[in-house]
Structures are given as structure tokens and as C-alpha cells.
Amino acid sequence: MRIPNQAKSGFLVSGFIGIFALFLSSVSYAADPLPSWNDGPAKKAILEFVAAVANENGKDYVEPAERIAVFDHDGTLWVEYPMYTQILFAFERVKELAPQHPEWKTTQPFKALLEGDMKTVGASGMKGLMEIVVATHSGMTAAEFEMEASRWLATTKHPKFDRLYSECIYQPQLELLAYLRANGFKTFIVSGGGIQFMRPISEKNYGIPPEQVVGSSAVTEFQIKNGKSVLVRQPKIAFVNDKAGKPVGIYEHIGRRPILAFGNSDSDMQMIEFTMAGEDRRLGLFVHHTDAEREYAYDRKSHVGTLDKVLDMATENGWIVVDLSLIHI
């Protein structure tokens, strides 16, 4: 499925003019490699950058092995509002697992969640959310967790768009990913989301294989169960791949400094800074969600995907802020 295109101006750098795509095969390979992008500074910068680093006779040529592009996931490749998809999955898991945990009826933030008191859940902050994630993502094998996550994503729809969460992905980014790979880039997801939550869908959604997904992780133990070797998820966070953790994750999982990075929030700043610090030609971009009618408008004061410092620092640092101009959901 392709979303029809129609130009619309933005108030920073106008960029996206498509919104959601259902399947990777929907990407167009027409003469214009980025048909869902407005003609403007952002698209021009991308096309010029790719042409320059892929030109063997040019001064900015980069060997294919070094053409690494990293993308944040939530809010950059798929929808993250009004709540991160994995957090919603964890909330549903609490309800499913509640009969096995009678103590949750009197323990916060589980009690509030079971009672539908989202104000109290929100007041528990990141600490409370992490308690919910740890409790609902552990005590099972890695294979069981992936199966549960895949089942939820294949059956649960976004309330605004009435589409499966796994289908709420941005067509312009699919085009960009395909364009980069056609020009010798290796593309990676580098996200604060759980690595095992993203890997089951990354190849189908984005053409990015599981080994090119970098994310947060739980402590996992090798065990023998019923005579078979399994990996069992423990109730403990191993690594948080967010903010300053993203450059660390890139270093440990990829081993090369990217030359292109794309995010959408202040949590992606360190990833973009790490990318831009290289000596060769670099490109750093941020999605700015600005369309309240057809998607969502949020930035400085948002409870998810906060984009605040980036807006103040982008010009000085040479970051491109891409206004999310959308059409026909």
C-alpha cells in the first residue's frame, strides 16, 4: 500500500509528505528515490550527501564498509504517541498476568494500572514504568518472549489509526532506508526500546535484519530445561540503550562510527553528536512531529519523544530538523 502524495509546507525544514505504509514492498523505485519527501532543504541535503559519499572520484568518498546509517525507532521509524508501543505491550501483559500475581492488587504501580488509574501510573515516573517492564518481560525464555511480542503486535491496533501497531510505520523512512542500501549503506536501528521486542519485526518492516538492531536488553541466562538449552530472561535490566547509552551501544554492537544518524528527540542527541564528531562528511537529522490533525503534534513538553534542546541547538550544530508534513492517513 502506498500513501498518496501532496506537497505541504512546513515551518522548519519541510520534509515528509507521506505517513504510514503497510509493507516494505510498497517502496517506490521510481526516478525520484524519495517520492514521499517534499522537494526542499532536507531532501536536497540527503540526496547530495549520498551522492557525495558514494562517488569514488569525489573528495567525500566513503568506502562501503564505513557507510553506516543509524535510525532511532520510536517516533523515527514508527509511531510512538500517545505512548511508546512497548510500554503499551507491558501494560497489557500486566492485565494478562494479574491472576498469577495477587500481590499486584495492593502494590503500586500495578494496582493503579489494574484499576485504570493512569494518573497514578504516570506519577510513578520512569522508575514505575521500568518496574512494570521488568515484571512483564522476564521469567520466560527468549523464544517465548518473542512469540508473545509478535502475537501482540500482530493483533493490536493503534486507537487513532485503526491499524496494527506493526503497520504504523513511516513511508518516507522506508524510502530513505531503501535508497541508502541501494547506495552501499548498511542500515541499523539504534533504539531505547527492547532489542528482543524490535528484532522479530525489523526485517519485515524495514528490511533490517535482527543482527543490525541495537537496543536495551534484560539480563539473560543460559539454562537447560527439559533436556533442551534455552535462554531465560531475568528480572533485571542489563543495558539501557538510550541517551548517552546509544553511542556505547553503537560502539559495542556495530564497532564503527556512523556517517548518518536519524532521530526524533533529545534522547537521540548523543547518537547524532557521536555521528557528527567524525572527520569525514556526516549527516544528522531529527524528525519534528508537527501535525496534530493527521498524526500528532508534540515537542518541548511532551511526555514521550521530547524535542526541546535539539530545537535550540540544531542550527549551531548543523543538524537538520525535518518537519513532519503529512497527508491522507
# chains A, B, ... in the order shown; residues from 1 in each chain; ligands from 1
$ residues_around --residues "range 303-314 of chain A" --least-positions-apart "4" --cutoff "8 Å" --atoms "only C-alpha atoms" --output "list of chain:residue names"
A:Asp74, A:Gly75, A:Glu80, A:Tyr81, A:Pro82, A:Met83, A:Tyr84, A:Asn264, A:Ser265, A:Asp266, A:Ser267, A:Met269, A:His288, A:Tyr298, A:Asp299, A:Gly318, A:Trp319, A:Ile320, A:Val321
$ write_last_selection --atoms "C-alpha atoms" --output "tab-separated table (two decimals), in the first residue's frame"
chain	number	residue	atom	x	y	z
A	74	ASP	CA	10.09	5.09	18.28
A	75	GLY	CA	8.91	8.29	16.61
A	80	GLU	CA	5.33	6.47	19.38
A	81	TYR	CA	2.37	8.58	20.51
A	82	PRO	CA	0.43	8.71	22.79
A	83	MET	CA	2.64	6.10	24.48
A	84	TYR	CA	5.63	4.03	23.46
A	264	ASN	CA	13.38	12.49	16.73
A	265	SER	CA	14.00	13.53	20.32
A	266	ASP	CA	16.51	14.91	22.82
A	267	SER	CA	17.22	11.28	23.75
A	269	MET	CA	21.18	13.89	20.73
A	288	HIS	CA	9.83	17.10	14.28
A	298	TYR	CA	4.45	17.27	20.15
A	299	ASP	CA	7.91	18.51	21.05
A	318	GLY	CA	24.41	21.65	11.68
A	319	TRP	CA	21.56	19.23	12.45
A	320	ILE	CA	18.64	19.10	10.05
A	321	VAL	CA	15.19	19.28	11.65
$ select_by_dssp --residues "range 169-270 of chain A" --states "alpha helix (DSSP H)" --output "PyMOL selection string"
chain A and resi 171-182+195-206+245-253+269-270
$ closest_residue --among "A:Met271, A:Leu180, A:Ala297, A:Leu153" --to "Phe49 in chain A" --atoms "only C-alpha atoms"
A:Leu180
$ closest_atom_pairs --of "range 108-170 of chain A" --to "range 184-198 of chain A" --cutoff "10 Å" --atoms "only C-alpha atoms" --output "JSON lines"
{"residue": "A:Val133", "atom": "CA", "partner": "A:Gly194", "partner_atom": "CA", "distance": 9.8}
{"residue": "A:His137", "atom": "CA", "partner": "A:Gly194", "partner_atom": "CA", "distance": 9.7}
{"residue": "A:Ala142", "atom": "CA", "partner": "A:Gln196", "partner_atom": "CA", "distance": 7.8}
{"residue": "A:Ala143", "atom": "CA", "partner": "A:Gln196", "partner_atom": "CA", "distance": 9.3}
{"residue": "A:Phe145", "atom": "CA", "partner": "A:Gln196", "partner_atom": "CA", "distance": 7.9}
{"residue": "A:Glu146", "atom": "CA", "partner": "A:Gln196", "partner_atom": "CA", "distance": 6.4}
{"residue": "A:Met147", "atom": "CA", "partner": "A:Phe197", "partner_atom": "CA", "distance": 9.7}
{"residue": "A:Glu148", "atom": "CA", "partner": "A:Phe197", "partner_atom": "CA", "distance": 9.4}
{"residue": "A:Ala149", "atom": "CA", "partner": "A:Phe197", "partner_atom": "CA", "distance": 6.2}
{"residue": "A:Ser150", "atom": "CA", "partner": "A:Phe197", "partner_atom": "CA", "distance": 8.0}
{"residue": "A:Leu153", "atom": "CA", "partner": "A:Phe197", "partner_atom": "CA", "distance": 9.7}
$ write_last_selection --atoms "C-alpha atoms" --output "mmCIF file, in the first residue's frame"
data_model
loop_
_atom_site.group_PDB
_atom_site.id
_atom_site.type_symbol
_atom_site.label_atom_id
_atom_site.label_comp_id
_atom_site.auth_asym_id
_atom_site.auth_seq_id
_atom_site.Cartn_x
_atom_site.Cartn_y
_atom_site.Cartn_z
ATOM 1 C CA VAL A 133 8.524 -3.682 32.078
ATOM 2 C CA HIS A 137 9.259 -9.160 30.294
ATOM 3 C CA ALA A 142 13.766 -15.572 24.865
ATOM 4 C CA ALA A 143 11.739 -17.523 22.305
ATOM 5 C CA PHE A 145 9.016 -13.549 24.830
ATOM 6 C CA GLU A 146 9.488 -13.000 21.107
ATOM 7 C CA MET A 147 6.388 -15.096 20.423
ATOM 8 C CA GLU A 148 4.291 -13.054 22.878
ATOM 9 C CA ALA A 149 5.546 -9.746 21.474
ATOM 10 C CA SER A 150 4.930 -10.871 17.898
ATOM 11 C CA LEU A 153 1.914 -6.700 17.517
#
$ closest_residue --among "A:Gly249, A:Pro35, A:Thr141, A:Leu285" --to "Gln234 in chain A" --atoms "only C-alpha atoms"
A:Thr141
$ residues_around --residues "Ser138 in chain A" --least-positions-apart "6" --cutoff "9 Å" --atoms "only C-alpha atoms" --output "PDB file with C-alpha atoms, in the first residue's frame"
ATOM      1  CA  PHE A 145       9.016 -13.549  24.830  1.00  0.00           C
ATOM      2  CA  ALA A 218      17.491  -7.658  30.002  1.00  0.00           C
ATOM      3  CA  VAL A 232      15.810 -17.338  30.102  1.00  0.00           C
ATOM      4  CA  ARG A 233      15.064 -13.653  30.664  1.00  0.00           C
ATOM      5  CA  GLN A 234      15.810 -12.478  34.202  1.00  0.00           C
ATOM      6  CA  PRO A 235      14.058  -9.680  36.150  1.00  0.00           C
ATOM      7  CA  LYS A 236      16.997  -7.318  35.777  1.00  0.00           C
TER       8      LYS A 236
END
$ closest_residue --among "A:Pro209, A:Gly58, A:Pro64, A:Gly263" --to "Gln173 in chain A" --atoms "only C-alpha atoms"
A:Gly263
$ select_by_dssp --residues "range 232-296 of chain A" --states "strand (DSSP E)" --output "VMD selection string"
chain A and resid 232 to 239 260 to 263 283 to 288
$ write_last_selection --atoms "C-alpha atoms" --output "PDB file, in the first residue's frame"
ATOM      1  CA  VAL A 232      15.810 -17.338  30.102  1.00  0.00           C
ATOM      2  CA  ARG A 233      15.064 -13.653  30.664  1.00  0.00           C
ATOM      3  CA  GLN A 234      15.810 -12.478  34.202  1.00  0.00           C
ATOM      4  CA  PRO A 235      14.058  -9.680  36.150  1.00  0.00           C
ATOM      5  CA  LYS A 236      16.997  -7.318  35.777  1.00  0.00           C
ATOM      6  CA  ILE A 237      17.999  -4.713  33.194  1.00  0.00           C
ATOM      7  CA  ALA A 238      21.341  -5.443  31.535  1.00  0.00           C
ATOM      8  CA  PHE A 239      21.758  -2.292  29.423  1.00  0.00           C
ATOM      9  CA  LEU A 260      24.385   9.294   9.051  1.00  0.00           C
ATOM     10  CA  ALA A 261      22.074   9.306  12.059  1.00  0.00           C
ATOM     11  CA  PHE A 262      18.340   9.995  12.260  1.00  0.00           C
ATOM     12  CA  GLY A 263      16.380  10.550  15.484  1.00  0.00           C
ATOM     13  CA  LEU A 283      24.648  13.980   8.251  1.00  0.00           C
ATOM     14  CA  GLY A 284      22.464  14.266  11.359  1.00  0.00           C
ATOM     15  CA  LEU A 285      18.669  14.579  11.160  1.00  0.00           C
ATOM     16  CA  PHE A 286      15.703  14.834  13.528  1.00  0.00           C
ATOM     17  CA  VAL A 287      12.004  14.318  12.827  1.00  0.00           C
ATOM     18  CA  HIS A 288       9.831  17.098  14.285  1.00  0.00           C
TER      19      HIS A 288
END
$ closest_residue --among "A:Leu113, A:Asp323, A:Glu66, A:Ala52" --to "Pro258 in chain A" --atoms "only C-alpha atoms"
A:Glu66
$ residues_around --residues "Thr120 in chain A" --least-positions-apart "5" --cutoff "9 Å" --atoms "only C-alpha atoms" --output "PDB file with N, CA and C atoms, in the first residue's frame"
ATOM      1  N   GLN A 108       1.839  -0.768  44.103  1.00  0.00           N
ATOM      2  CA  GLN A 108       1.925   0.227  43.037  1.00  0.00           C
ATOM      3  C   GLN A 108       3.214   0.039  42.227  1.00  0.00           C
ATOM      4  N   PRO A 109       3.202   0.358  40.951  1.00  0.00           N
ATOM      5  CA  PRO A 109       2.111   0.961  40.168  1.00  0.00           C
ATOM      6  C   PRO A 109       1.153  -0.059  39.539  1.00  0.00           C
ATOM      7  N   ALA A 112      -2.604   0.537  40.443  1.00  0.00           N
ATOM      8  CA  ALA A 112      -3.202   1.638  39.690  1.00  0.00           C
ATOM      9  C   ALA A 112      -3.490   1.222  38.241  1.00  0.00           C
ATOM     10  N   LEU A 113      -2.572   0.499  37.649  1.00  0.00           N
ATOM     11  CA  LEU A 113      -2.755   0.076  36.262  1.00  0.00           C
ATOM     12  C   LEU A 113      -3.956  -0.852  36.138  1.00  0.00           C
TER      13      LEU A 113
END
$ atom_distance --atom1 "CA of Val53 in chain A" --atom2 "CA of Ser36 in chain A"
22.7 Å
$ closest_residue --among "A:Ala292, A:Ala42, A:Val70, A:Ala182" --to "Pro247 in chain A" --atoms "only C-alpha atoms"
A:Val70
